[in-house]
>>> print(open('input06.cif').read())   # mmCIF, C-alpha atoms and all ligand atoms
data_final
loop_
_atom_site.group_PDB
_atom_site.id
_atom_site.type_symbol
_atom_site.label_atom_id
_atom_site.label_comp_id
_atom_site.auth_asym_id
_atom_site.auth_seq_id
_atom_site.Cartn_x
_atom_site.Cartn_y
_atom_site.Cartn_z
ATOM 1 C CA MET A 1 18.032 6.077 -1.735
ATOM 2 C CA HIS A 2 15.160 6.958 -4.019
ATOM 3 C CA ALA A 3 12.154 5.084 -2.776
ATOM 4 C CA THR A 4 8.734 6.251 -3.827
ATOM 5 C CA LEU A 5 5.599 6.109 -1.769
ATOM 6 C CA THR A 6 4.297 3.398 -4.058
ATOM 7 C CA ASP A 7 7.405 1.292 -3.268
ATOM 8 C CA ILE A 8 6.505 1.515 0.405
ATOM 9 C CA LEU A 9 2.865 0.601 -0.172
ATOM 10 C CA TYR A 10 3.911 -2.294 -2.384
ATOM 11 C CA GLU A 11 5.967 -3.581 0.518
ATOM 12 C CA LEU A 12 3.067 -3.267 2.963
ATOM 13 C CA VAL A 13 0.815 -5.274 0.651
ATOM 14 C CA GLN A 14 3.580 -7.829 0.185
ATOM 15 C CA ASN A 15 3.756 -8.182 3.975
ATOM 16 C CA ALA A 16 0.008 -8.790 4.099
ATOM 17 C CA LEU A 17 0.298 -11.555 1.493
ATOM 18 C CA GLU A 18 3.271 -13.072 3.314
ATOM 19 C CA ALA A 19 1.047 -13.121 6.397
ATOM 20 C CA ARG A 20 -1.377 -15.280 4.338
ATOM 21 C CA ALA A 21 -4.153 -12.714 4.312
ATOM 22 C CA THR A 22 -7.275 -13.570 2.325
ATOM 23 C CA LEU A 23 -8.680 -10.065 2.593
ATOM 24 C CA ILE A 24 -6.594 -6.934 2.082
ATOM 25 C CA THR A 25 -7.856 -3.371 2.083
ATOM 26 C CA VAL A 26 -5.891 -0.469 0.680
ATOM 27 C CA ASP A 27 -7.005 3.108 1.282
ATOM 28 C CA TYR A 28 -5.301 5.985 -0.452
ATOM 29 C CA LEU A 29 -6.993 9.176 0.641
ATOM 30 C CA GLU A 30 -5.863 12.628 -0.224
ATOM 31 C CA ASP A 31 -6.944 16.136 0.561
ATOM 32 C CA ASP A 32 -5.155 19.439 -0.059
ATOM 33 C CA GLN A 33 -2.608 18.974 2.709
ATOM 34 C CA THR A 34 -2.617 15.371 3.794
ATOM 35 C CA LEU A 35 -2.211 11.938 2.333
ATOM 36 C CA THR A 36 -3.487 9.004 4.351
ATOM 37 C CA CYS A 37 -2.502 5.501 3.270
ATOM 38 C CA CYS A 38 -3.786 2.418 5.076
ATOM 39 C CA VAL A 39 -3.196 -1.247 4.416
ATOM 40 C CA GLY A 40 -5.317 -3.657 6.429
ATOM 41 C CA ASP A 41 -5.272 -7.442 6.344
ATOM 42 C CA ASN A 42 -6.735 -10.490 8.020
ATOM 43 C CA GLY A 43 -3.442 -12.397 7.994
ATOM 44 C CA CYS A 44 -1.518 -14.050 10.822
ATOM 45 C CA GLY A 45 -1.052 -10.845 12.829
ATOM 46 C CA MET A 46 1.655 -10.111 15.386
ATOM 47 C CA SER A 47 1.983 -10.088 19.139
ATOM 48 C CA THR A 48 2.842 -6.786 20.816
ATOM 49 C CA GLU A 49 6.451 -7.884 21.096
ATOM 50 C CA GLU A 50 6.654 -8.931 17.434
ATOM 51 C CA MET A 51 5.082 -5.655 16.417
ATOM 52 C CA LYS A 52 7.679 -3.711 18.393
ATOM 53 C CA GLN A 53 10.487 -5.625 16.769
ATOM 54 C CA ALA A 54 9.007 -5.301 13.301
ATOM 55 C CA THR A 55 9.056 -1.518 13.431
ATOM 56 C CA ASP A 56 12.563 -1.344 14.890
ATOM 57 C CA PRO A 57 15.207 -0.970 12.139
ATOM 58 C CA PHE A 58 17.747 -2.934 14.210
ATOM 59 C CA TYR A 59 15.529 -6.006 14.302
ATOM 60 C CA THR A 60 14.496 -6.180 10.661
ATOM 61 C CA ASP A 61 15.652 -9.429 9.141
ATOM 62 C CA VAL A 62 17.956 -8.270 6.350
ATOM 63 C CA THR A 63 18.684 -11.806 5.204
ATOM 64 C CA LYS A 64 15.097 -12.471 4.204
ATOM 65 C CA HIS A 65 15.063 -10.623 0.906
ATOM 66 C CA ALA A 66 18.512 -11.097 -0.559
ATOM 67 C CA HIS A 67 17.802 -9.079 -3.700
ATOM 68 C CA ARG A 68 15.865 -6.235 -2.171
ATOM 69 C CA ARG A 69 16.870 -2.707 -3.185
ATOM 70 C CA VAL A 70 16.882 -1.261 0.325
ATOM 71 C CA GLY A 71 14.831 -2.112 3.385
ATOM 72 C CA LEU A 72 11.379 -0.747 2.610
ATOM 73 C CA GLY A 73 9.499 -2.472 5.355
ATOM 74 C CA LEU A 74 7.716 -1.247 8.444
ATOM 75 C CA ALA A 75 10.762 0.364 10.033
ATOM 76 C CA PHE A 76 11.313 2.432 6.933
ATOM 77 C CA ALA A 77 7.655 3.451 6.715
ATOM 78 C CA LYS A 78 7.723 4.525 10.334
ATOM 79 C CA GLN A 79 10.933 6.444 9.850
ATOM 80 C CA LEU A 80 9.470 8.286 6.877
ATOM 81 C CA CYS A 81 6.444 9.358 8.919
ATOM 82 C CA GLU A 82 8.723 10.679 11.637
ATOM 83 C CA THR A 83 10.969 12.528 9.199
ATOM 84 C CA VAL A 84 8.101 14.446 7.616
ATOM 85 C CA GLY A 85 6.223 15.066 10.863
ATOM 86 C CA GLY A 86 3.397 12.714 9.942
ATOM 87 C CA GLU A 87 1.831 9.856 11.883
ATOM 88 C CA PHE A 88 2.535 6.132 11.811
ATOM 89 C CA HIS A 89 -0.059 3.758 13.229
ATOM 90 C CA ILE A 90 0.133 0.017 13.464
ATOM 91 C CA ASP A 91 -2.406 -2.243 15.016
ATOM 92 C CA SER A 92 -2.037 -6.001 15.003
ATOM 93 C CA HIS A 93 -3.564 -8.960 16.793
ATOM 94 C CA LYS A 94 -2.152 -12.453 16.641
ATOM 95 C CA GLY A 95 -4.383 -14.665 14.526
ATOM 96 C CA GLU A 96 -6.621 -11.782 13.482
ATOM 97 C CA GLY A 97 -4.703 -9.391 11.279
ATOM 98 C CA THR A 98 -2.813 -6.177 10.963
ATOM 99 C CA SER A 99 -3.444 -2.652 9.871
ATOM 100 C CA VAL A 100 -0.844 -0.046 9.098
ATOM 101 C CA ALA A 101 -1.626 3.611 8.471
ATOM 102 C CA LEU A 102 0.619 6.433 7.320
ATOM 103 C CA VAL A 103 -0.596 10.017 7.613
ATOM 104 C CA LEU A 104 1.679 12.278 5.608
ATOM 105 C CA PRO A 105 1.864 16.027 5.019
ATOM 106 C CA LYS A 106 1.906 16.130 1.204
ATOM 107 C CA HIS A 107 3.971 19.271 0.804
ATOM 108 C CA HIS A 108 6.795 18.541 3.233
ATOM 109 C CA VAL A 109 10.197 18.949 1.524
ATOM 110 C CA ASP A 110 11.308 15.476 2.545
ATOM 111 C CA MET A 111 8.282 13.697 1.115
ATOM 112 C CA PRO A 112 9.335 11.097 -1.450
ATOM 113 C CA PRO A 113 7.724 11.213 -4.887
ATOM 114 C CA VAL A 114 4.463 9.282 -5.118
ATOM 115 C CA GLY A 115 5.556 7.085 -8.022
ATOM 116 C CA ASP A 116 3.208 5.426 -10.465
ATOM 117 C CA LEU A 117 -0.045 4.922 -8.585
ATOM 118 C CA PRO A 118 -2.044 3.168 -11.355
ATOM 119 C CA TYR A 119 0.872 0.794 -11.844
ATOM 120 C CA LEU A 120 0.981 0.019 -8.112
ATOM 121 C CA PHE A 121 -2.778 -0.592 -7.974
ATOM 122 C CA ALA A 122 -2.575 -2.915 -10.977
ATOM 123 C CA GLN A 123 0.390 -4.781 -9.470
ATOM 124 C CA ILE A 124 -1.264 -5.418 -6.141
ATOM 125 C CA MET A 125 -4.473 -6.549 -7.816
ATOM 126 C CA CYS A 126 -2.620 -9.002 -10.052
ATOM 127 C CA PHE A 127 -0.460 -10.971 -7.642
ATOM 128 C CA GLN A 128 -0.973 -14.705 -7.845
ATOM 129 C CA GLY A 129 -3.305 -16.325 -5.408
ATOM 130 C CA GLU A 130 -6.771 -16.307 -3.986
ATOM 131 C CA TYR A 131 -7.230 -13.160 -1.992
ATOM 132 C CA GLU A 132 -9.845 -10.479 -1.955
ATOM 133 C CA MET A 133 -8.664 -6.913 -2.230
ATOM 134 C CA LEU A 134 -10.495 -3.632 -1.891
ATOM 135 C CA ILE A 135 -8.872 -0.450 -3.084
ATOM 136 C CA HIS A 136 -10.441 2.805 -1.979
ATOM 137 C CA ARG A 137 -9.027 5.935 -3.544
ATOM 138 C CA ARG A 138 -10.202 9.429 -2.698
ATOM 139 C CA ARG A 139 -8.907 12.777 -3.807
ATOM 140 C CA GLY A 140 -10.794 15.798 -2.500
ATOM 141 C CA ASN A 141 -14.449 14.901 -2.691
ATOM 142 C CA VAL A 142 -14.101 12.414 -5.552
ATOM 143 C CA SER A 143 -13.418 8.757 -5.018
ATOM 144 C CA TYR A 144 -13.494 5.311 -6.532
ATOM 145 C CA ARG A 145 -13.439 1.790 -5.167
ATOM 146 C CA VAL A 146 -12.251 -1.347 -6.880
ATOM 147 C CA VAL A 147 -12.866 -4.886 -5.677
ATOM 148 C CA ARG A 148 -10.572 -7.656 -6.921
ATOM 149 C CA SER A 149 -13.262 -10.303 -7.349
ATOM 150 C CA GLU A 150 -15.298 -7.897 -9.495
ATOM 151 C CA LEU A 151 -12.272 -7.031 -11.613
ATOM 152 C CA ARG A 152 -11.677 -10.709 -12.133
ATOM 153 C CA GLU A 153 -15.243 -11.173 -13.317
ATOM 154 C CA SER A 154 -14.803 -8.564 -16.002
ATOM 155 C CA VAL A 155 -11.153 -9.121 -16.974
ATOM 156 C CA GLY A 156 -10.716 -12.850 -16.377
ATOM 157 C CA GLU A 157 -7.596 -14.370 -14.847
ATOM 158 C CA LEU A 158 -5.624 -11.479 -13.380
ATOM 159 C CA GLU A 159 -2.243 -13.172 -13.550
ATOM 160 C CA ASP A 160 -1.741 -12.920 -17.311
ATOM 161 C CA ALA A 161 -0.063 -10.034 -19.106
ATOM 162 C CA THR A 162 -3.097 -8.866 -21.074
ATOM 163 C CA ALA A 163 -5.184 -8.682 -17.940
ATOM 164 C CA PHE A 164 -2.450 -6.685 -16.234
ATOM 165 C CA SER A 165 -2.408 -4.120 -19.064
ATOM 166 C CA LEU A 166 -6.173 -3.805 -18.942
ATOM 167 C CA VAL A 167 -6.216 -3.365 -15.198
ATOM 168 C CA LYS A 168 -3.468 -0.749 -15.375
ATOM 169 C CA LEU A 169 -5.355 1.126 -18.079
ATOM 170 C CA TYR A 170 -8.457 0.999 -15.934
ATOM 171 C CA PHE A 171 -6.621 2.597 -13.007
ATOM 172 C CA GLU A 172 -4.980 5.187 -15.272
ATOM 173 C CA ARG A 173 -8.410 6.265 -16.498
ATOM 174 C CA SER A 174 -9.820 6.301 -12.981
ATOM 175 C CA GLU A 175 -6.926 8.491 -11.834
ATOM 176 C CA GLU A 176 -7.484 10.922 -14.695
ATOM 177 C CA GLU A 177 -11.120 11.231 -13.720
ATOM 178 C CA VAL A 178 -10.309 11.746 -10.079
ATOM 179 C CA LYS A 179 -7.833 14.489 -10.910
ATOM 180 C CA GLU A 180 -10.125 16.257 -13.347
ATOM 181 C CA GLU A 181 -13.147 16.139 -11.135
ATOM 182 C CA ALA A 182 -11.357 17.050 -7.959
ATOM 183 C CA TYR A 183 -9.449 20.040 -9.248
ATOM 184 C CA GLY A 184 -10.849 20.994 -12.655
ATOM 185 C CA LYS A 185 -9.423 20.056 -16.023
ATOM 186 C CA ASN A 186 -6.683 22.706 -15.956
ATOM 187 C CA HIS A 187 -5.343 21.679 -12.609
ATOM 188 C CA ALA A 188 -4.507 18.023 -13.141
HETATM 189 N N1 LIG O 1 0.916 -7.458 7.706
HETATM 190 C C1 LIG O 1 1.671 -8.201 8.505
HETATM 191 N N2 LIG O 1 1.157 -9.275 9.145
HETATM 192 C C2 LIG O 1 1.917 -10.046 9.961
HETATM 193 N N3 LIG O 1 3.216 -9.846 10.201
HETATM 194 C C3 LIG O 1 3.789 -8.790 9.584
HETATM 195 C C4 LIG O 1 3.060 -7.915 8.726
HETATM 196 N N4 LIG O 1 3.894 -6.946 8.292
HETATM 197 C C5 LIG O 1 5.080 -7.214 8.841
HETATM 198 N N5 LIG O 1 5.038 -8.306 9.617
HETATM 199 C C6 LIG O 1 6.135 -8.896 10.392
HETATM 200 O O1 LIG O 1 7.110 -7.906 10.564
HETATM 201 C C7 LIG O 1 8.345 -8.312 9.995
HETATM 202 C C8 LIG O 1 9.043 -7.112 9.386
HETATM 203 O O2 LIG O 1 8.389 -6.702 8.205
HETATM 204 P P1 LIG O 1 9.156 -5.795 7.204
HETATM 205 O O3 LIG O 1 9.587 -4.574 7.904
HETATM 206 O O4 LIG O 1 8.354 -5.608 5.977
HETATM 207 O O5 LIG O 1 10.466 -6.606 6.860
HETATM 208 P P2 LIG O 1 10.545 -8.038 6.148
HETATM 209 O O6 LIG O 1 9.243 -8.267 5.417
HETATM 210 O O7 LIG O 1 11.689 -7.865 5.219
HETATM 211 O O8 LIG O 1 10.806 -9.047 7.241
HETATM 212 C C9 LIG O 1 7.974 -9.396 8.997
HETATM 213 O O9 LIG O 1 9.026 -10.303 8.810
HETATM 214 C C10 LIG O 1 6.766 -10.046 9.664
HETATM 215 O O10 LIG O 1 7.191 -10.987 10.617
HETATM 216 MG MG MG O 2 8.283 -6.918 4.283
#
>>> encode(input="input06.cif", output="structure tokens")
Amino acid sequence: MHATLTDILYELVQNALEARATLITVDYLEDDQTLTCCVGDNGCGMSTEEMKQATDPFYTDVTKHAHRRVGLGLAFAKQLCETVGGEFHIDSHKGEGTSVALVLPKHHVDMPPVGDLPYLFAQIMCFQGEYEMLIHRRRGNVSYRVVRSELRESVGELEDATAFSLVKLYFERSEEEVKEEAYGKNHA
């Protein structure tokens, strides 16, 4: 299978929305060696038992997403972390929310490609519904933060195609800046 890291993060955000979260935080933090991705939500949460089942590949409900490419859920995320010698953390409390963190060694041979990060950020900002989202991106000592409600104020309704293009462009520019500033213009 050819999943990208952005496919996995997309899935984690999808889980948060399915859990009826109204606040979702996404951190994507990178230094020379390590990539740390966290998705936190204030959705329905899980009990300890549910959490155990959710990260076990033999329990994942394969009938839920009939058209899914391959299982990209929690079990897969956990398995990836184990394969590359990273860390997988999940913390969840029933009725309070969930947070999932992946700590990954960037240069491990079995790391999947990152995928299109600006596209992912635009996608997760533009899902339908009333939810607040905070994206925090850091590369080296440069970072940016984007808040969904502020984006909406400047772009308007996020669900339409024009807004999506604008938001994607915004993230593409932000990524260019992060890369240039963090590593110099010749190292992007
Ligand atoms: N953020 C979350 N909040 C609450 N429950 C979650 C969350 N993420 C996952 N779960 C629970 O774990 C189960 C497994 O999630 P996942 O591995 O993505 O597979 P799927 O979404 O296909 O069921 C979900 O069905 C859900 O019950
Ligand atoms: Mg899922």
>>> axis_aligned_box(input="input06.cif", around="ligand LIG 1 (chain O)", padding_each_side="8 Å", output="AutoDock Vina command-line options")
--center_x 6.3 --center_y -7.8 --center_z 7.9 --size_x 26.8 --size_y 22.4 --size_z 21.4
>>> residues_near_ligand(input="input06.cif", ligand="ligand MG 2 (chain O)", cutoff="6 Å", atoms="only C-alpha atoms and all ligand atoms", output="NGL selection string")
:A and (11 or 15 or 73)
>>> resolve_selection(input="input06.cif", expression="the PyMOL selection byres (((chain A and resi 106-117) around 9) and not hetatm)", output="VMD selection string")
chain A and resid 2 to 7 30 to 35 80 83 to 85 104 to 105 118 to 122 171 to 172 175
>>> resolve_selection(input="input06.cif", expression="the PyMOL selection byres (((chain A and resi 36) around 6) and not hetatm)", output="MDAnalysis selection string")
chainID A and resid 28:29 35 37 102:103
>>> write_last_selection(input="input06.cif", atoms="C-alpha atoms", output="short mmCIF file (atom, residue, chain, number, x, y, z; two decimals), keeping the file's coordinate frame")
data_model
loop_
_atom_site.label_atom_id
_atom_site.label_comp_id
_atom_site.auth_asym_id
_atom_site.auth_seq_id
_atom_site.Cartn_x
_atom_site.Cartn_y
_atom_site.Cartn_z
CA TYR A 28 -5.30 5.98 -0.45
CA LEU A 29 -6.99 9.18 0.64
CA LEU A 35 -2.21 11.94 2.33
CA CYS A 37 -2.50 5.50 3.27
CA LEU A 102 0.62 6.43 7.32
CA VAL A 103 -0.60 10.02 7.61
#
>>> closest_residue(input="input06.cif", among="A:Arg139, A:Arg145, A:Lys168, A:Arg152", to="A:Gln123", atoms="all atoms listed in the file")
A:Lys168
>>> residues_near_ligand(input="input06.cif", ligand="ligand LIG 1 (chain O)", cutoff="10 Å", atoms="all atoms listed in the file", output="PyMOL selection string")
chain A and resi 8+11-21+24+39-47+50-57+59-66+68+70-78+90-100
>>> closest_residue(input="input06.cif", among="A:Val142, A:Glu181, A:Val147, A:Thr48", to="A:Ile124", atoms="only C-alpha atoms")
A:Val147
